[in-house]
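One structure below.
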Amino acid sequence: MRKAEIVIIGGGVVGASVAFHLTERGAKDVLILETQPVQGKGSTGAATGGVRSQFETDVNILMSLYSIDFFRNWEIDCGYEPRGYLFFATTDEQFEYLKTNVEKQHRIGVKGVEVMTCDEIAKRIPGMNCDDIVGGSFGATDGFIDPLAVMRGFAKGAIARGARLEFDSNVTGIETHGGEVTAVATNNGTIECDNVVLCAGAWAKALAATAGIDLPVEPMRRQIVWARSESPLPEDLPMVIDLGSGFHFRPAKDTTNELMFAYPDPDEQPSFDTSLDDNFVQKIRERARQRAPFLYETEVVREKCRVGLYENSPDHHAILGGCGVDGLYFANGFSGHGVMHSPATGRALSEIILDGKANFLDVSCLSIDRFERGELLRETAFI
Ligand SMILES: Cc1cc2nc3c(=O)[nH]c(=O)nc-3n(C[C@H](O)[C@H](O)[C@H](O)COP(=O)(O)OP(=O)(O)OC[C@H]3O[C@@H](n4cnc5c(N)ncnc54)[C@H](O)[C@@H]3O)c2cc1C
């Protein structure tokens with residue numbers, strides 16, 4: 001029978017980060033099992049790589065602060081580019097919400113985040129229709145990273161310190177005895193282990209069920225439309241987000257005339273569908289038309305559009321840490337923030353597994369128990 005001390009299910013950015021941080025803290029026998037023949041075929045490969053500290057809950061802000069600092073100082077080039085995130089409000093209530101968040105972000109230690117007036121926004125994004133905009137907020141350290149570079153950097157670091165990464169290794173079940181993890185069943189046979197970290201993204205729920213745990217994570221299609229403009233886009237375009245509708249756009253990396261736009265379509269239902277829906281493209285182009293000619297007067301580049309799965313939790317926050325089965329840990333439910341929070345997640349899981357709790361940051365509010373206790377978190381600005 002094959003053995004490993006810690007098995008990580010899933011070799012996306014989260015599994016790779018958990019392995020990186022576990023081995024950094026001295027774990028010797030870490031095995032990542034990935035069902036695909038290469039890394040990055042899950043959500044990580046579809047992600048656009050936005051990072052931001054502009055959140056509402058303390059825990060999201062703190063996870064971002066830690067992670068952005070990590071990206072900035074990492075010896076690996078992960079493409080961190082602080083182009084900024086600009087949220088705009090179209091009602092007084094939304095503007096108050098942004099102002100309250102900015103105050104909180106300052107208090108927690110976020111630098112370079114500020115409230116903006118409508119005039120300042122109009123100046124910052126020439127050509128955007130600002131008629132309905134009341135005000136906004138801008139975070140200067142928010143921006144972009146390269147999700148695949150982050151994932152590969154973590155995997156390389158973990159492997160250099162002795163972790164093993166096995167491809168074409170499909171986990172079919174988590175085996176337990178007397179309330180403890182004993183093994184994982186795979187297409188290549190059973191592997192005995194003391195600990196399992198479930199990092200299977202949108203596919204995690206069914207695997208958790210094999211250990212008798214109801215993990216409330218649902219797959220949800222996420223479509224990003226990629227478009228090319230004839231003329232150059234406004235200079236230094238940040239990520240721009242309509243807080244009310246969630247419609248957002250950002251420049252594509254390393255171009256002056258290509259951009260991406262998206263919004264959380266309320267018509268989308270949980271599923272594993274990852275096809276590009278022409279209806280959605282039409283709907284989002286209509287939103288683009290209302291917001292700016294430089295968005296609408298573009299041509300959709302179908303082959304560059306991205307479709308993947310969000311792994312949504314009921315309160316749009318991650319589910320981190322252990323559960324009722326000894327030795328079983330979760331790093332799931334990121335609901336669109338798994339790449340940006342991967343450094344903090346990896347560190348948190350490594351401390352929880354090796355030291356019993358995360359000491360660098362209190363992530364206890366993200367434990368799976370919160371759903372049973374009815375202590376859901378509240379974050380309005382999820383996109
Ligand atoms: C279009 C899109 C845009 C996004 N944009 C952003 C963004 O701007 N910023 C951000 O932070 N996040 C973004 N996200 C979310 C982000 O991509 C995810 O939160 C993150 O990639 C989750 O990482 P993961 O490693 O948990 O999941 P994944 O990358 O999905 O990795 C899970 C891995 O588990 C493997 N697996 C599944 N089942 C099994 C099994 N039974 N056995 C073995 N292996 C298995 C899969 O093959 C996969 O490789 C975006 C997502 C999408 C779809």
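FYI, nothing fancy with the structure tokens labels: chains A, B, ... in order, residues from 1 per chain, ligands from 1 as they appear.
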
Could you name the residues that touch range 368-370 of chain A at 10 Å or less, counting only C-alpha atoms, but leaving out those on the same chain fewer than 4 positions away, as a PyMOL selection string? chain A and resi 213-216+318-324+329-330+332+364+374-377

Residues as selected, N, CA and C atoms, written as a compact mmCIF listing (two decimals), in the first residue's frame, can you do that?
```
# COMPACT_ATOMS: atom_id res chain seq x y z
N ILE A 213 -19.10 14.56 4.96
CA ILE A 213 -19.20 15.98 5.29
C ILE A 213 -19.94 16.72 4.17
N ASP A 214 -20.88 17.55 4.59
CA ASP A 214 -21.62 18.37 3.62
C ASP A 214 -20.88 19.70 3.46
N LEU A 215 -20.12 19.80 2.37
CA LEU A 215 -19.34 21.02 2.10
C LEU A 215 -20.18 21.91 1.18
N PRO A 216 -20.63 23.07 1.66
CA PRO A 216 -21.55 23.87 0.84
C PRO A 216 -20.83 24.71 -0.22
N ALA A 318 -14.29 32.15 1.76
CA ALA A 318 -13.63 30.84 1.73
C ALA A 318 -14.05 29.97 2.92
N ILE A 319 -13.85 28.67 2.76
CA ILE A 319 -14.05 27.72 3.86
C ILE A 319 -12.67 27.11 4.13
N LEU A 320 -12.11 27.46 5.27
CA LEU A 320 -10.73 27.06 5.58
C LEU A 320 -10.66 26.31 6.89
N GLY A 321 -9.84 25.24 6.91
CA GLY A 321 -9.54 24.56 8.17
C GLY A 321 -10.18 23.19 8.28
N GLY A 322 -10.16 22.65 9.50
CA GLY A 322 -10.61 21.29 9.75
C GLY A 322 -12.12 21.16 9.85
N CYS A 323 -12.56 19.94 10.18
CA CYS A 323 -14.00 19.66 10.28
C CYS A 323 -14.21 18.53 11.28
N GLY A 324 -15.36 17.92 11.28
CA GLY A 324 -15.69 16.86 12.23
C GLY A 324 -14.88 15.57 12.03
N TYR A 329 -9.06 18.52 6.06
CA TYR A 329 -9.02 19.99 6.03
C TYR A 329 -9.56 20.50 4.69
N PHE A 330 -10.15 21.68 4.75
CA PHE A 330 -10.70 22.29 3.52
C PHE A 330 -9.99 23.60 3.18
N ASN A 332 -11.45 25.81 0.34
CA ASN A 332 -12.45 25.85 -0.75
C ASN A 332 -13.33 27.10 -0.66
N SER A 364 -10.42 31.85 11.98
CA SER A 364 -11.41 30.92 12.55
C SER A 364 -12.83 31.23 12.06
N GLY A 374 -24.88 29.32 12.00
CA GLY A 374 -25.62 30.43 11.38
C GLY A 374 -24.84 31.73 11.45
N GLU A 375 -23.47 31.63 11.50
CA GLU A 375 -22.65 32.84 11.59
C GLU A 375 -22.03 33.16 10.24
N LEU A 376 -22.91 33.40 9.26
CA LEU A 376 -22.42 33.69 7.92
C LEU A 376 -21.81 35.08 7.89
N LEU A 377 -20.84 35.28 7.02
CA LEU A 377 -20.19 36.59 6.89
C LEU A 377 -20.94 37.40 5.84
```

Kindly assemble as a Markdown table a list of the chain A residues that lie within 7 Å of ligand 1, each paired with its nearest atom pair and their distance in Å to one decimal, using only C-alpha atoms and all ligand atoms, sorted first by chain and then by ascending residue number.
```
| residue | atom | partner | partner_atom_place_in_ligand_line | distance |
| --- | --- | --- | --- | --- |
| A:Ile9 | CA | ligand 1 | 43 (C) | 5.1 |
| A:Gly10 | CA | ligand 1 | 34 (O) | 3.3 |
| A:Gly11 | CA | ligand 1 | 49 (O) | 5.0 |
| A:Gly12 | CA | ligand 1 | 25 (O) | 3.4 |
| A:Val13 | CA | ligand 1 | 25 (O) | 4.1 |
| A:Val14 | CA | ligand 1 | 25 (O) | 3.8 |
| A:Gly15 | CA | ligand 1 | 25 (O) | 5.4 |
| A:Leu33 | CA | ligand 1 | 43 (C) | 5.2 |
| A:Glu34 | CA | ligand 1 | 44 (N) | 3.8 |
| A:Thr35 | CA | ligand 1 | 43 (C) | 4.0 |
| A:Gln36 | CA | ligand 1 | 47 (O) | 5.2 |
| A:Gln39 | CA | ligand 1 | 49 (O) | 5.8 |
| A:Gly40 | CA | ligand 1 | 49 (O) | 5.6 |
| A:Lys41 | CA | ligand 1 | 49 (O) | 5.3 |
| A:Gly42 | CA | ligand 1 | 30 (O) | 3.5 |
| A:Ser43 | CA | ligand 1 | 30 (O) | 3.8 |
| A:Thr44 | CA | ligand 1 | 21 (O) | 3.3 |
| A:Gly45 | CA | ligand 1 | 29 (O) | 6.5 |
| A:Ala46 | CA | ligand 1 | 1 (C) | 4.9 |
| A:Ala47 | CA | ligand 1 | 4 (C) | 3.4 |
| A:Thr48 | CA | ligand 1 | 8 (O) | 4.4 |
| A:Gly49 | CA | ligand 1 | 8 (O) | 3.8 |
| A:Gly50 | CA | ligand 1 | 8 (O) | 3.5 |
| A:Val51 | CA | ligand 1 | 9 (N) | 5.8 |
| A:Ser169 | CA | ligand 1 | 43 (C) | 5.8 |
| A:Asn170 | CA | ligand 1 | 42 (N) | 3.9 |
| A:Val171 | CA | ligand 1 | 42 (N) | 3.9 |
| A:Thr172 | CA | ligand 1 | 41 (N) | 5.6 |
| A:Cys199 | CA | ligand 1 | 26 (O) | 5.1 |
| A:Ala200 | CA | ligand 1 | 34 (O) | 3.6 |
| A:Gly201 | CA | ligand 1 | 27 (O) | 3.8 |
| A:Ala202 | CA | ligand 1 | 30 (O) | 6.0 |
| A:Trp203 | CA | ligand 1 | 38 (N) | 5.0 |
| A:Ala204 | CA | ligand 1 | 38 (N) | 6.6 |
| A:Leu207 | CA | ligand 1 | 41 (N) | 6.7 |
| A:Arg221 | CA | ligand 1 | 53 (C) | 6.8 |
| A:Arg222 | CA | ligand 1 | 1 (C) | 4.8 |
| A:Gln223 | CA | ligand 1 | 1 (C) | 5.4 |
| A:Ile224 | CA | ligand 1 | 1 (C) | 5.6 |
| A:Arg306 | CA | ligand 1 | 1 (C) | 5.5 |
| A:Val307 | CA | ligand 1 | 1 (C) | 5.0 |
| A:Gly308 | CA | ligand 1 | 53 (C) | 3.5 |
| A:Leu309 | CA | ligand 1 | 53 (C) | 4.1 |
| A:Tyr310 | CA | ligand 1 | 53 (C) | 5.0 |
| A:Glu311 | CA | ligand 1 | 19 (O) | 6.5 |
| A:Ala331 | CA | ligand 1 | 26 (O) | 6.9 |
| A:Asn332 | CA | ligand 1 | 26 (O) | 5.9 |
| A:Phe334 | CA | ligand 1 | 19 (O) | 4.9 |
| A:Ser335 | CA | ligand 1 | 19 (O) | 5.9 |
| A:Gly336 | CA | ligand 1 | 15 (C) | 3.7 |
| A:His337 | CA | ligand 1 | 11 (O) | 3.4 |
| A:Gly338 | CA | ligand 1 | 19 (O) | 3.1 |
| A:Val339 | CA | ligand 1 | 11 (O) | 3.6 |
| A:Met340 | CA | ligand 1 | 11 (O) | 3.7 |
| A:His341 | CA | ligand 1 | 11 (O) | 6.2 |
```

Resulting file, chosen residues, C-alpha atoms, as a CSV table (one decimal), in the first residue's frame:
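The file below, out.csv, is the result:
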```csv
chain,number,residue,atom,x,y,z
A,9,ILE,CA,-6.4,16.8,-3.5
A,10,GLY,CA,-6.1,19.2,-6.5
A,11,GLY,CA,-3.0,20.8,-8.0
A,12,GLY,CA,-4.5,24.3,-8.8
A,13,VAL,CA,-3.2,27.5,-7.2
A,14,VAL,CA,-4.6,26.6,-3.8
A,15,GLY,CA,-3.3,23.1,-3.6
A,33,LEU,CA,-2.9,14.4,-6.5
A,34,GLU,CA,-4.2,16.1,-9.7
A,35,THR,CA,-6.7,14.4,-11.9
A,36,GLN,CA,-5.6,16.2,-15.1
A,39,GLN,CA,-1.7,21.8,-13.8
A,40,GLY,CA,-4.0,24.7,-14.5
A,41,LYS,CA,-7.0,23.0,-16.1
A,42,GLY,CA,-9.3,24.0,-13.3
A,43,SER,CA,-10.5,27.5,-12.3
A,44,THR,CA,-6.9,28.8,-11.9
A,45,GLY,CA,-6.4,28.5,-15.7
A,46,ALA,CA,-9.4,30.6,-16.4
A,47,ALA,CA,-8.8,33.3,-13.8
A,48,THR,CA,-7.9,36.8,-14.9
A,49,GLY,CA,-5.8,37.5,-11.9
A,50,GLY,CA,-7.4,40.5,-10.2
A,51,VAL,CA,-6.1,41.3,-6.7
A,169,SER,CA,-4.4,10.8,-10.4
A,170,ASN,CA,-8.1,11.0,-9.8
A,171,VAL,CA,-9.3,10.8,-6.2
A,172,THR,CA,-12.6,8.9,-6.0
A,199,CYS,CA,-8.2,21.7,-2.6
A,200,ALA,CA,-10.4,20.5,-5.5
A,201,GLY,CA,-12.0,23.8,-6.2
A,202,ALA,CA,-15.5,23.6,-7.8
A,203,TRP,CA,-15.3,19.7,-7.6
A,204,ALA,CA,-14.8,19.6,-3.8
A,207,LEU,CA,-15.3,14.4,-2.5
A,221,ARG,CA,-20.1,29.4,-14.6
A,222,ARG,CA,-18.1,32.6,-14.9
A,223,GLN,CA,-17.7,34.2,-18.4
A,224,ILE,CA,-15.2,36.9,-19.2
A,306,ARG,CA,-12.5,33.0,-20.7
A,307,VAL,CA,-15.0,30.6,-19.2
A,308,GLY,CA,-14.5,28.7,-16.0
A,309,LEU,CA,-16.1,27.9,-12.7
A,310,TYR,CA,-16.4,29.9,-9.5
A,311,GLU,CA,-16.5,27.7,-6.4
A,331,ALA,CA,-9.4,25.1,1.4
A,332,ASN,CA,-12.5,25.8,-0.7
A,334,PHE,CA,-13.3,31.2,-2.6
A,335,SER,CA,-16.1,32.5,-4.7
A,336,GLY,CA,-13.9,34.4,-7.1
A,337,HIS,CA,-10.9,35.2,-4.8
A,338,GLY,CA,-8.9,32.0,-4.7
A,339,VAL,CA,-5.9,33.3,-6.7
A,340,MET,CA,-5.6,36.6,-4.9
A,341,HIS,CA,-5.9,34.9,-1.5
```

Worksheet entry | Interatomic distance, CA of Ala160 in chain A to CA of Cys78 in chain A (Å, one decimal) |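 Between CA of Ala160 in chain A and CA of Cys78 in chain A the gap is 17.9 Å.
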
Just the alpha helix (DSSP H) stuff from range 10-76 of chain A, please, per backbone DSSP, written as a PyMOL selection string.
chain A and resi 13-24+43-46+58-73

Worksheet item: Quick one: residues within 9 Å of range 96-101 of chain A, only C-alpha atoms counted, chain neighbours fewer than 5 positions away excluded, as number ranges by chain?
Response: A: 54-57, 87-89, 91, 106, 114-115, 135-137, 243

Can you write just those residues out, N, CA and C atoms, as a short mmCIF file (atom, residue, chain, number, x, y, z; two decimals), in the first residue's frame?
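The resulting out.cif:
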```
data_model
loop_
_atom_site.label_atom_id
_atom_site.label_comp_id
_atom_site.auth_asym_id
_atom_site.auth_seq_id
_atom_site.Cartn_x
_atom_site.Cartn_y
_atom_site.Cartn_z
N GLN A 54 -9.74 46.05 -1.40
CA GLN A 54 -11.01 46.74 -1.18
C GLN A 54 -12.13 45.71 -0.97
N PHE A 55 -12.23 45.26 0.28
CA PHE A 55 -13.30 44.35 0.69
C PHE A 55 -14.03 44.97 1.87
N GLU A 56 -15.09 44.29 2.28
CA GLU A 56 -15.88 44.77 3.42
C GLU A 56 -15.49 44.08 4.73
N THR A 57 -15.26 42.75 4.67
CA THR A 57 -15.01 42.06 5.94
C THR A 57 -13.52 42.14 6.32
N PHE A 87 -13.94 51.32 -7.70
CA PHE A 87 -15.37 51.00 -7.52
C PHE A 87 -16.15 52.29 -7.67
N PHE A 88 -17.26 52.27 -8.44
CA PHE A 88 -18.10 53.47 -8.43
C PHE A 88 -19.52 53.15 -7.98
N ALA A 89 -20.14 54.17 -7.36
CA ALA A 89 -21.49 54.04 -6.79
C ALA A 89 -22.45 54.86 -7.62
N THR A 91 -25.73 55.22 -6.32
CA THR A 91 -26.72 55.71 -5.36
C THR A 91 -25.95 56.24 -4.14
N HIS A 106 -8.50 51.71 5.91
CA HIS A 106 -7.42 52.53 6.49
C HIS A 106 -7.08 52.03 7.87
N GLU A 114 -8.57 55.45 -1.38
CA GLU A 114 -9.15 56.78 -1.15
C GLU A 114 -10.55 56.88 -1.76
N VAL A 115 -11.33 57.80 -1.19
CA VAL A 115 -12.66 58.08 -1.72
C VAL A 115 -12.49 59.01 -2.91
N GLY A 135 -20.13 58.78 -6.76
CA GLY A 135 -18.76 58.83 -6.24
C GLY A 135 -18.18 57.44 -6.26
N GLY A 136 -16.99 57.29 -5.68
CA GLY A 136 -16.39 55.96 -5.72
C GLY A 136 -15.22 55.83 -4.77
N SER A 137 -14.47 54.76 -4.93
CA SER A 137 -13.25 54.57 -4.15
C SER A 137 -12.21 53.92 -5.05
N LEU A 243 -20.49 49.14 -8.61
CA LEU A 243 -20.84 48.42 -7.38
C LEU A 243 -22.27 47.88 -7.42
#
```

task: Counting only C-alpha atoms, figure out which residue out of A:Phe154, A:Tyr85, A:Phe249, A:Phe138 gets nearest to Ala16 in chain A.
output: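 Of A:Phe154, A:Tyr85, A:Phe249, A:Phe138, the one nearest Ala16 in chain A is A:Phe154, counting only C-alpha atoms.
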
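Between CA of Leu366 in chain A and CA of Glu351 in chain A the separation is 14.5 Å.
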
What does the structure give for the distance between CA of Ala140 in chain A and CA of Thr256 in chain A, in Å to one decimal?
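CA of Ala140 in chain A sits 19.9 Å away from CA of Thr256 in chain A.
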
Range 161-191 of chain A: which residues are strand (DSSP E or B) by DSSP, as an MDAnalysis selection string?
chainID A and resid 164:166 171:177 180:186 189:191

Pull C-alpha atoms from the residues just selected and write them as a CSV table (one decimal), in the first residue's frame.
```csv
chain,number,residue,atom,x,y,z
A,164,ARG,CA,5.5,15.2,-5.0
A,165,LEU,CA,2.9,16.1,-7.6
A,166,GLU,CA,1.2,13.3,-9.5
A,171,VAL,CA,-9.3,10.8,-6.2
A,172,THR,CA,-12.6,8.9,-6.0
A,173,GLY,CA,-13.0,8.9,-2.2
A,174,ILE,CA,-11.7,9.9,1.2
A,175,GLU,CA,-11.6,6.9,3.5
A,176,THR,CA,-12.2,7.3,7.3
A,177,HIS,CA,-12.3,5.0,10.3
A,180,GLU,CA,-10.3,9.9,11.4
A,181,VAL,CA,-8.9,10.0,7.9
A,182,THR,CA,-7.1,6.8,6.9
A,183,ALA,CA,-6.6,6.9,3.1
A,184,VAL,CA,-7.7,8.2,-0.2
A,185,ALA,CA,-9.0,6.0,-3.0
A,186,THR,CA,-7.7,6.8,-6.5
A,189,GLY,CA,-5.1,2.5,-6.0
A,190,THR,CA,-5.4,3.4,-2.4
A,191,ILE,CA,-3.0,5.7,-0.6
```

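Distance check against Lys111 in chain A using only C-alpha atoms: of A:Arg289, A:Ser53, A:Tyr296, A:Ala381, the minimum falls on A:Ser53.
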
Next on the checklist: Quick one: residues within 9 Å of Gly212 in chain A, only C-alpha atoms, excluding same-chain residues fewer than 3 positions away - as a list in words?
Outcome noted: Ala208, Ala209 and Val325 of chain A

**Message:** Taking 6 positions as the minimum chain separation for residues in the same chain, which residues sit within 10 Å of range 62-68 of chain A when counting only C-alpha atoms? Answer as an MDAnalysis selection string.
**Reply:** chainID A and resid 51:55 74 80 82 105 108:111 141:145 337 339:345 347:348 360:363

### Message
Would you pick out the contacts of Pro270 in chain A at 7 Å or less, using only C-alpha atoms, so that residues sharing its chain but fewer than 2 positions from it are not included, and give the list as a PyMOL selection string?
### Response
chain A and resi 218-220+268

For the selection just defined, write its residues with N, CA and C atoms to a file, as a short mmCIF file (atom, residue, chain, number, x, y, z; two decimals), in the first residue's frame.
```
data_model
loop_
_atom_site.label_atom_id
_atom_site.label_comp_id
_atom_site.auth_asym_id
_atom_site.auth_seq_id
_atom_site.Cartn_x
_atom_site.Cartn_y
_atom_site.Cartn_z
N GLU A 218 -20.67 25.32 -4.42
CA GLU A 218 -21.36 25.03 -5.69
C GLU A 218 -20.57 25.58 -6.87
N PRO A 219 -20.53 24.81 -7.97
CA PRO A 219 -19.87 25.34 -9.17
C PRO A 219 -20.77 26.35 -9.87
N MET A 220 -20.21 27.43 -10.34
CA MET A 220 -21.01 28.45 -11.04
C MET A 220 -20.19 28.98 -12.23
N GLU A 268 -27.58 33.06 -14.09
CA GLU A 268 -26.71 31.87 -14.07
C GLU A 268 -27.09 30.97 -12.89
#
```

Under the rule that only C-alpha atoms are counted, which of A:Gly346, A:Gly112, A:Gly139, A:Gly79 is the nearest residue to Val240 in chain A?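 Residue with the minimum atom-to-atom distance to Val240 in chain A: A:Gly139.
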
Closest of A:Ile125, A:Ala252, A:Val225, A:Leu259 to Cys305 in chain A, counting only C-alpha atoms, is A:Val225

For a quick check of understanding, using only C-alpha atoms, which of A:Arg152, A:His317, A:Arg72, A:Arg161 has the smallest distance to Leu31 in chain A?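 Closest residue, counting only C-alpha atoms: A:Arg161.
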